[in-house]
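Next comes structure-v4.json, with JSON, C-alpha atoms.
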[["chain", "number", "residue", "atom", "x", "y", "z"],
["B", 1355, "MET", "CA", 2.32, -24.24, -14.28],
["B", 1356, "PHE", "CA", 5.53, -22.78, -12.88],
["B", 1357, "ILE", "CA", 5.36, -21.03, -9.51],
["B", 1358, "GLN", "CA", 8.26, -18.83, -8.50],
["B", 1359, "THR", "CA", 9.12, -18.14, -4.87],
["B", 1360, "GLU", "CA", 10.86, -15.13, -3.40],
["B", 1361, "SER", "CA", 12.16, -14.57, 0.08],
["B", 1362, "THR", "CA", 10.92, -11.53, 1.99],
["B", 1363, "PRO", "CA", 12.55, -9.43, 4.71],
["B", 1364, "ASN", "CA", 10.42, -11.46, 7.15],
["B", 1365, "PRO", "CA", 12.08, -14.89, 7.59],
["B", 1366, "ALA", "CA", 8.73, -16.42, 8.61],
["B", 1367, "THR", "CA", 7.12, -15.34, 5.30],
["B", 1368, "LEU", "CA", 7.62, -16.49, 1.73],
["B", 1369, "LYS", "CA", 6.18, -14.93, -1.44],
["B", 1370, "PHE", "CA", 4.74, -17.24, -4.13],
["B", 1371, "LEU", "CA", 4.24, -15.95, -7.71],
["B", 1372, "PRO", "CA", 1.93, -18.30, -9.64],
["B", 1373, "GLY", "CA", 2.39, -16.47, -12.95],
["B", 1374, "GLN", "CA", -1.26, -15.45, -13.15],
["B", 1375, "THR", "CA", -3.70, -13.07, -11.51],
["B", 1376, "VAL", "CA", -4.51, -13.88, -7.90],
["B", 1377, "LEU", "CA", -6.80, -10.89, -7.20],
["B", 1378, "GLU", "CA", -8.13, -8.52, -9.86],
["B", 1379, "MET", "CA", -7.52, -5.57, -7.55],
["B", 1380, "GLY", "CA", -6.60, -4.80, -3.98],
["B", 1381, "THR", "CA", -5.37, -7.25, -1.38],
["B", 1382, "ALA", "CA", -6.86, -9.84, 0.95],
["B", 1383, "ASP", "CA", -5.42, -10.65, 4.36],
["B", 1384, "PHE", "CA", -6.14, -13.87, 6.26],
["B", 1385, "PRO", "CA", -4.23, -13.70, 9.56],
["B", 1386, "THR", "CA", -5.95, -16.85, 10.95],
["B", 1387, "PRO", "CA", -7.74, -19.90, 9.52],
["B", 1388, "ASP", "CA", -11.06, -18.51, 10.85],
["B", 1389, "THR", "CA", -10.77, -15.50, 8.52],
["B", 1390, "ALA", "CA", -10.36, -17.66, 5.40],
["B", 1391, "LYS", "CA", -14.01, -18.67, 4.91],
["B", 1392, "SER", "CA", -14.35, -16.39, 1.87],
["B", 1393, "SER", "CA", -11.40, -17.95, 0.04],
["B", 1394, "PRO", "CA", -11.11, -21.55, -1.14],
["B", 1395, "LEU", "CA", -7.39, -20.97, -1.84],
["B", 1396, "ALA", "CA", -6.69, -19.57, 1.65],
["B", 1397, "GLN", "CA", -8.58, -22.50, 3.20],
["B", 1398, "ARG", "CA", -6.49, -24.96, 1.17],
["B", 1399, "LEU", "CA", -3.26, -23.26, 2.27],
["B", 1400, "PHE", "CA", -4.28, -23.24, 5.94],
["B", 1401, "GLY", "CA", -4.81, -26.99, 5.52],
["B", 1402, "VAL", "CA", -1.03, -27.37, 5.24],
["B", 1403, "GLU", "CA", 0.42, -27.92, 8.70],
["B", 1404, "GLY", "CA", 2.62, -25.03, 9.84],
["B", 1405, "VAL", "CA", 0.80, -22.22, 7.97],
["B", 1406, "THR", "CA", -0.19, -19.33, 10.26],
["B", 1407, "GLY", "CA", -1.11, -16.58, 7.77],
["B", 1408, "VAL", "CA", -2.08, -16.05, 4.12],
["B", 1409, "PHE", "CA", -2.08, -12.80, 2.15],
["B", 1410, "PHE", "CA", -3.08, -12.18, -1.50],
["B", 1411, "GLY", "CA", -1.92, -9.40, -3.81],
["B", 1412, "THR", "CA", -2.81, -8.96, -7.46],
["B", 1413, "ASP", "CA", -0.17, -11.42, -8.67],
["B", 1414, "PHE", "CA", 1.22, -13.08, -5.54],
["B", 1415, "VAL", "CA", 0.41, -15.16, -2.48],
["B", 1416, "THR", "CA", 2.37, -14.53, 0.72],
["B", 1417, "ILE", "CA", 2.40, -17.30, 3.30],
["B", 1418, "THR", "CA", 3.56, -17.05, 6.92],
["B", 1419, "LYS", "CA", 4.70, -20.14, 8.83],
["B", 1420, "ASP", "CA", 5.09, -20.97, 12.48],
["B", 1421, "ASP", "CA", 8.53, -20.95, 14.14],
["B", 1422, "GLY", "CA", 8.72, -24.73, 14.50],
["B", 1423, "THR", "CA", 8.41, -25.50, 10.78],
["B", 1424, "GLU", "CA", 11.23, -25.24, 8.25],
["B", 1425, "TRP", "CA", 10.61, -23.85, 4.75],
["B", 1426, "ASP", "CA", 12.40, -26.88, 3.26],
["B", 1427, "HIS", "CA", 9.60, -29.10, 4.61],
["B", 1428, "LEU", "CA", 6.71, -26.70, 4.00],
["B", 1429, "LYS", "CA", 7.49, -25.28, 0.56],
["B", 1430, "PRO", "CA", 6.76, -28.42, -1.55],
["B", 1431, "SER", "CA", 3.33, -28.86, 0.08],
["B", 1432, "LEU", "CA", 2.48, -25.19, -0.49],
["B", 1433, "LEU", "CA", 3.59, -25.28, -4.13],
["B", 1434, "GLY", "CA", 1.40, -28.35, -4.61],
["B", 1435, "ALA", "CA", -1.60, -26.73, -2.90],
["B", 1436, "ILE", "CA", -1.31, -23.56, -5.02],
["B", 1437, "MET", "CA", -0.92, -25.55, -8.23],
["B", 1438, "GLU", "CA", -3.87, -27.82, -7.38],
["B", 1439, "HIS", "CA", -6.05, -24.82, -6.64],
["B", 1440, "PHE", "CA", -5.36, -23.00, -9.90],
["B", 1441, "GLN", "CA", -5.73, -26.19, -11.93],
["B", 1442, "SER", "CA", -9.05, -27.02, -10.21],
["B", 1443, "GLY", "CA", -10.75, -23.95, -11.68],
["B", 1444, "GLN", "CA", -12.04, -22.89, -8.26],
["B", 1445, "PRO", "CA", -12.11, -19.14, -7.59],
["B", 1446, "VAL", "CA", -9.58, -17.54, -5.27],
["B", 1447, "MET", "CA", -12.46, -15.75, -3.51],
["B", 1448, "VAL", "CA", -16.06, -16.99, -3.34],
["B", 1449, "SER", "CA", -18.37, -15.24, -5.78],
["B", 1450, "GLY", "CA", -20.34, -12.32, -4.47],
["B", 1451, "HIS", "CA", -17.80, -11.74, -1.72],
["B", 1452, "GLU", "CA", -15.89, -8.52, -2.08],
["B", 1453, "HIS", "CA", -12.89, -8.61, 0.21],
["B", 1454, "VAL", "CA", -12.18, -4.99, 0.90],
["B", 1455, "SER", "CA", -8.72, -4.45, 2.27],
["B", 1456, "GLY", "CA", -7.65, -0.89, 1.88],
["B", 1457, "HIS", "CA", -7.48, 2.41, 3.65],
["B", 1458, "ALA", "CA", -9.85, 3.17, 6.49],
["B", 1459, "GLU", "CA", -12.34, 5.98, 5.93],
["B", 1460, "HIS", "CA", -11.63, 9.22, 7.74],
["B", 1461, "THR", "CA", -14.16, 11.90, 8.46],
["B", 1462, "GLY", "CA", -13.39, 15.14, 10.17],
["B", 1463, "GLU", "CA", -11.40, 18.29, 9.93],
["B", 1464, "ASP", "CA", -8.18, 16.60, 8.81],
["B", 1465, "GLY", "CA", -9.66, 15.36, 5.52],
["B", 1466, "ALA", "CA", -7.16, 17.18, 3.30],
["B", 1467, "ILE", "CA", -4.18, 15.91, 5.32],
["B", 1468, "VAL", "CA", -5.54, 12.34, 5.29],
["B", 1469, "GLY", "CA", -6.00, 12.60, 1.52],
["B", 1470, "GLN", "CA", -2.33, 13.53, 1.16],
["B", 1471, "ILE", "CA", -1.28, 10.68, 3.46],
["B", 1472, "LYS", "CA", -3.28, 8.12, 1.44],
["B", 1473, "GLU", "CA", -1.91, 9.47, -1.84],
["B", 1474, "LEU", "CA", 1.71, 9.14, -0.63],
["B", 1475, "LEU", "CA", 1.03, 5.64, 0.72],
["B", 1476, "ASP", "CA", -0.52, 4.57, -2.61],
["B", 1477, "SER", "CA", 2.13, 6.14, -4.84],
["B", 1478, "ARG", "CA", 5.34, 5.61, -2.85],
["B", 1479, "VAL", "CA", 4.90, 3.07, -0.05],
["B", 1480, "ARG", "CA", 2.46, 0.35, -1.11],
["B", 1481, "PRO", "CA", 4.22, -0.53, -4.40],
["B", 1482, "ALA", "CA", 7.50, -1.00, -2.51],
["B", 1483, "VAL", "CA", 6.05, -3.19, 0.24],
["B", 1484, "ALA", "CA", 4.12, -5.24, -2.36],
["B", 1485, "GLN", "CA", 7.53, -6.18, -3.78],
["B", 1486, "ASP", "CA", 8.26, -7.72, -0.37],
["B", 1487, "GLY", "CA", 4.93, -9.57, -0.27],
["B", 1488, "GLY", "CA", 2.98, -7.26, 2.01],
["B", 1489, "ASP", "CA", 0.82, -4.19, 2.25],
["B", 1490, "ILE", "CA", 0.49, -1.15, 4.50],
["B", 1491, "THR", "CA", -2.82, 0.68, 4.75],
["B", 1492, "PHE", "CA", -4.03, 3.82, 6.47],
["B", 1493, "HIS", "CA", -5.86, 3.16, 9.73],
["B", 1494, "GLY", "CA", -6.20, 6.61, 11.28],
["B", 1495, "PHE", "CA", -4.81, 10.06, 11.95],
["B", 1496, "ASP", "CA", -4.99, 11.81, 15.31],
["B", 1497, "ARG", "CA", -3.07, 14.90, 16.50],
["B", 1498, "GLY", "CA", -0.14, 14.40, 14.13],
["B", 1499, "VAL", "CA", 0.12, 10.62, 14.58],
["B", 1500, "VAL", "CA", -0.55, 8.39, 11.56],
["B", 1501, "TYR", "CA", -1.71, 4.86, 12.38],
["B", 1502, "LEU", "CA", -0.92, 2.20, 9.77],
["B", 1503, "HIS", "CA", -2.02, -1.42, 9.45],
["B", 1504, "MET", "CA", 0.68, -3.84, 8.27],
["B", 1505, "GLN", "CA", -0.33, -7.00, 6.39],
["B", 1506, "GLY", "CA", 1.25, -10.03, 4.74],
["B", 1507, "ALA", "CA", 5.03, -10.14, 5.00],
["B", 1508, "CYS", "CA", 5.01, -6.76, 6.76],
["B", 1509, "ALA", "CA", 3.09, -8.06, 9.78],
["B", 1510, "GLY", "CA", 5.58, -9.32, 12.32],
["B", 1511, "CYS", "CA", 8.60, -8.57, 10.16],
["B", 1512, "PRO", "CA", 11.74, -7.83, 12.19],
["B", 1513, "SER", "CA", 12.56, -4.85, 9.94],
["B", 1514, "SER", "CA", 9.02, -3.41, 9.99],
["B", 1515, "THR", "CA", 9.77, -0.96, 12.82],
["B", 1516, "LEU", "CA", 12.75, 0.36, 10.89],
["B", 1517, "THR", "CA", 10.63, 0.62, 7.73],
["B", 1518, "LEU", "CA", 7.93, 2.54, 9.61],
["B", 1519, "LYS", "CA", 10.24, 4.91, 11.46],
["B", 1520, "MET", "CA", 13.08, 5.53, 9.03],
["B", 1521, "GLY", "CA", 11.18, 5.13, 5.79],
["B", 1522, "ILE", "CA", 7.49, 5.90, 5.98],
["B", 1523, "GLU", "CA", 7.60, 8.35, 8.89],
["B", 1524, "ASN", "CA", 10.41, 10.37, 7.28],
["B", 1525, "LEU", "CA", 8.60, 10.39, 3.92],
["B", 1526, "LEU", "CA", 5.30, 11.57, 5.40],
["B", 1527, "ARG", "CA", 6.95, 14.18, 7.64],
["B", 1528, "HIS", "CA", 8.89, 15.54, 4.66],
["B", 1529, "TYR", "CA", 5.81, 16.09, 2.49],
["B", 1530, "ILE", "CA", 3.20, 16.73, 5.20],
["B", 1531, "PRO", "CA", 4.43, 18.97, 8.05],
["B", 1532, "GLU", "CA", 1.36, 18.12, 10.17],
["B", 1533, "VAL", "CA", 2.58, 14.51, 10.54],
["B", 1534, "THR", "CA", 4.76, 14.07, 13.63],
["B", 1535, "GLU", "CA", 4.87, 10.27, 14.05],
["B", 1536, "VAL", "CA", 3.84, 6.95, 12.50],
["B", 1537, "ARG", "CA", 2.65, 4.00, 14.61],
["B", 1538, "PRO", "CA", 1.55, 0.47, 13.69],
["B", 1539, "VAL", "CA", -1.84, -0.96, 14.72],
["B", 1540, "ALA", "CA", -2.73, -4.62, 15.10]]

Just give me the structure as structure tokens.
Amino acid sequence: MFIQTESTPNPATLKFLPGQTVLEMGTADFPTPDTAKSSPLAQRLFGVEGVTGVFFGTDFVTITKDDGTEWDHLKPSLLGAIMEHFQSGQPVMVSGHEHVSGHAEHTGEDGAIVGQIKELLDSRVRPAVAQDGGDITFHGFDRGVVYLHMQGACAGCPSSTLTLKMGIENLLRHYIPEVTEVRPVA
């Protein structure tokens, strides 16, 4: 098994490509060890000292480290943990557990606008941020302000504010005049 690694715009996050499917569809975000109960792979990765976050896409694993740990020390252990997991035959997620990580539901009078927002996020934004090892999902819309949830490499990335303001906000405002601003949520 050959696992490729790619740097991301977030220096605290590295993207691992195991060369096989990680999740059949969607994403799964584990911002703390306590959230990893549904994933044997995430639990194994949190067992490596210095890991502070794990995120799964369809064909990648993004891992966030603490500030006091260097990638040169952490990377070999993580490559070993990922390889061991896939060779063990254990599932990435426990059976019967559907990890839903997508757009928040929105009910109300702005349904058509929210539909347009989600469509633009899915077609233009999410594929681009997946390349960087992250995801951005719709959280809410209120009086012209779009609230987005940033995951994986996007969470805590130094360039995330620039991405939100100059990229996503400009895109949404261009296509949807009702959008006036984009803000991140935790």

Here atom CA of B:Gly1411 and atom CA of B:Leu1377 stand apart by 6.1 Å

Stretch 1389-1403 of chain B surroundings by only C-alpha atoms, 7 Å radius, close-in-sequence under 6 positions cut, as a PDB file with C-alpha atoms, keeping the file's coordinate frame:
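This went into out.pdb:
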ATOM      1  CA  SER B1431       3.330 -28.860   0.080  1.00  0.00           C
ATOM      2  CA  LEU B1432       2.480 -25.190  -0.490  1.00  0.00           C
ATOM      3  CA  ALA B1435      -1.600 -26.730  -2.900  1.00  0.00           C
ATOM      4  CA  HIS B1439      -6.050 -24.820  -6.640  1.00  0.00           C
ATOM      5  CA  PRO B1445     -12.110 -19.140  -7.590  1.00  0.00           C
ATOM      6  CA  VAL B1446      -9.580 -17.540  -5.270  1.00  0.00           C
ATOM      7  CA  MET B1447     -12.460 -15.750  -3.510  1.00  0.00           C
ATOM      8  CA  VAL B1448     -16.060 -16.990  -3.340  1.00  0.00           C
ATOM      9  CA  HIS B1451     -17.800 -11.740  -1.720  1.00  0.00           C
TER      10      HIS B1451
END

Stretch 1516-1520 of chain B: which residues within 12 Å, counting only C-alpha atoms, same-chain residues fewer than 5 positions away excluded, as a list in words?
->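 These residues fall inside the cut-off: Pro1363, Leu1475, Val1479, Ala1482, Val1483, Asp1486, Ile1490, Thr1491, Val1500, Tyr1501, Leu1502, His1503, Met1504, Cys1508, Ala1509, Cys1511, Leu1525, Leu1526, Arg1527, His1528, Thr1534, Glu1535, Val1536, Arg1537, Pro1538 and Val1539 of chain B.
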
Between B:Ala1507, B:Ile1436, B:Ile1530, B:Ala1458, which is the closest to B:Leu1474 once you count all atoms listed in the file?
->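 The closest residue to B:Leu1474 is B:Ile1530.
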
Go ahead and compute the interatomic distance for atom CA of B:Phe1414 and atom CA of B:Leu1371, in Å to one decimal.
->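 Straight-line distance from atom CA of B:Phe1414 to atom CA of B:Leu1371 works out to 4.7 Å.
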
May I ask which of the residues B:Gly1380, B:Pro1531, B:Pro1387, B:Gly1434 is the closest one to B:Gly1488, counting all atoms listed in the file?
-> B:Gly1380

Among listed residues B:Leu1433, B:Ile1522, B:Ala1366, B:Ile1357, nearest B:Asp1413 (using only C-alpha atoms) =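 Of B:Leu1433, B:Ile1522, B:Ala1366, B:Ile1357, the one nearest B:Asp1413 is B:Ile1357, counting only C-alpha atoms.
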
Go ahead and compute the interatomic distance for atom CA of B:Thr1406 and atom CA of B:Glu1459, in Å to one decimal.
->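 These two atoms are separated by 28.4 Å.
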
Which residue gives the smallest distance to B:Pro1372 among B:Val1499, B:Met1437, B:Leu1428, B:Ile1417, with all atoms listed in the file counted?
->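 Nearest to B:Pro1372: B:Met1437.
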
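Each of B:Ile1471, B:Val1415, B:Asp1420, B:Gly1404 was compared to B:Thr1375 using all atoms listed in the file, and B:Val1415 turns out to be the nearest.
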
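Considering only C-alpha atoms, the residue among B:Trp1425, B:Ser1514, B:Phe1492, B:Phe1384 positioned nearest to B:Thr1359 is B:Trp1425.
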
Could you add the missing atoms to stretch 1356-1376 of chain B, up to N, CA and C atoms, and return them as a short mmCIF file (atom, residue, chain, number, x, y, z; two decimals), in the frame of the given file?
data_model
loop_
_atom_site.label_atom_id
_atom_site.label_comp_id
_atom_site.auth_asym_id
_atom_site.auth_seq_id
_atom_site.Cartn_x
_atom_site.Cartn_y
_atom_site.Cartn_z
N PHE B 1356 4.28 -23.01 -13.59
CA PHE B 1356 5.53 -22.78 -12.88
C PHE B 1356 5.31 -21.68 -11.84
N ILE B 1357 5.55 -21.99 -10.59
CA ILE B 1357 5.36 -21.03 -9.51
C ILE B 1357 6.73 -20.62 -8.99
N GLN B 1358 7.01 -19.34 -9.04
CA GLN B 1358 8.26 -18.83 -8.50
C GLN B 1358 8.07 -18.51 -7.02
N THR B 1359 9.16 -18.57 -6.27
CA THR B 1359 9.12 -18.14 -4.87
C THR B 1359 10.19 -17.09 -4.67
N GLU B 1360 9.90 -16.17 -3.77
CA GLU B 1360 10.86 -15.13 -3.40
C GLU B 1360 10.89 -15.01 -1.89
N SER B 1361 12.06 -14.83 -1.35
CA SER B 1361 12.16 -14.57 0.08
C SER B 1361 11.69 -13.14 0.34
N THR B 1362 11.34 -12.87 1.58
CA THR B 1362 10.92 -11.53 1.99
C THR B 1362 11.81 -11.10 3.15
N PRO B 1363 11.76 -9.84 3.54
CA PRO B 1363 12.55 -9.43 4.71
C PRO B 1363 12.12 -10.14 6.00
N ASN B 1364 10.92 -10.72 5.99
CA ASN B 1364 10.42 -11.46 7.15
C ASN B 1364 10.78 -12.94 6.96
N PRO B 1365 11.67 -13.49 7.79
CA PRO B 1365 12.08 -14.89 7.59
C PRO B 1365 10.95 -15.90 7.76
N ALA B 1366 9.87 -15.52 8.41
CA ALA B 1366 8.73 -16.42 8.61
C ALA B 1366 7.75 -16.36 7.43
N THR B 1367 8.04 -15.55 6.42
CA THR B 1367 7.12 -15.34 5.30
C THR B 1367 7.82 -15.56 3.97
N LEU B 1368 7.11 -16.23 3.06
CA LEU B 1368 7.62 -16.49 1.73
C LEU B 1368 6.59 -16.02 0.71
N LYS B 1369 7.05 -15.46 -0.39
CA LYS B 1369 6.18 -14.93 -1.44
C LYS B 1369 6.15 -15.92 -2.60
N PHE B 1370 4.93 -16.30 -3.03
CA PHE B 1370 4.74 -17.24 -4.13
C PHE B 1370 4.12 -16.48 -5.30
N LEU B 1371 4.72 -16.62 -6.49
CA LEU B 1371 4.24 -15.95 -7.71
C LEU B 1371 3.77 -17.03 -8.69
N PRO B 1372 2.43 -17.23 -8.78
CA PRO B 1372 1.93 -18.30 -9.64
C PRO B 1372 1.95 -18.00 -11.14
N GLY B 1373 2.33 -16.80 -11.53
CA GLY B 1373 2.39 -16.47 -12.95
C GLY B 1373 1.04 -16.12 -13.54
N GLN B 1374 0.06 -15.89 -12.69
CA GLN B 1374 -1.26 -15.45 -13.15
C GLN B 1374 -1.91 -14.60 -12.07
N THR B 1375 -3.02 -13.98 -12.44
CA THR B 1375 -3.70 -13.07 -11.51
C THR B 1375 -4.23 -13.84 -10.31
N VAL B 1376 -3.96 -13.32 -9.13
CA VAL B 1376 -4.51 -13.88 -7.90
C VAL B 1376 -5.77 -13.10 -7.55
#
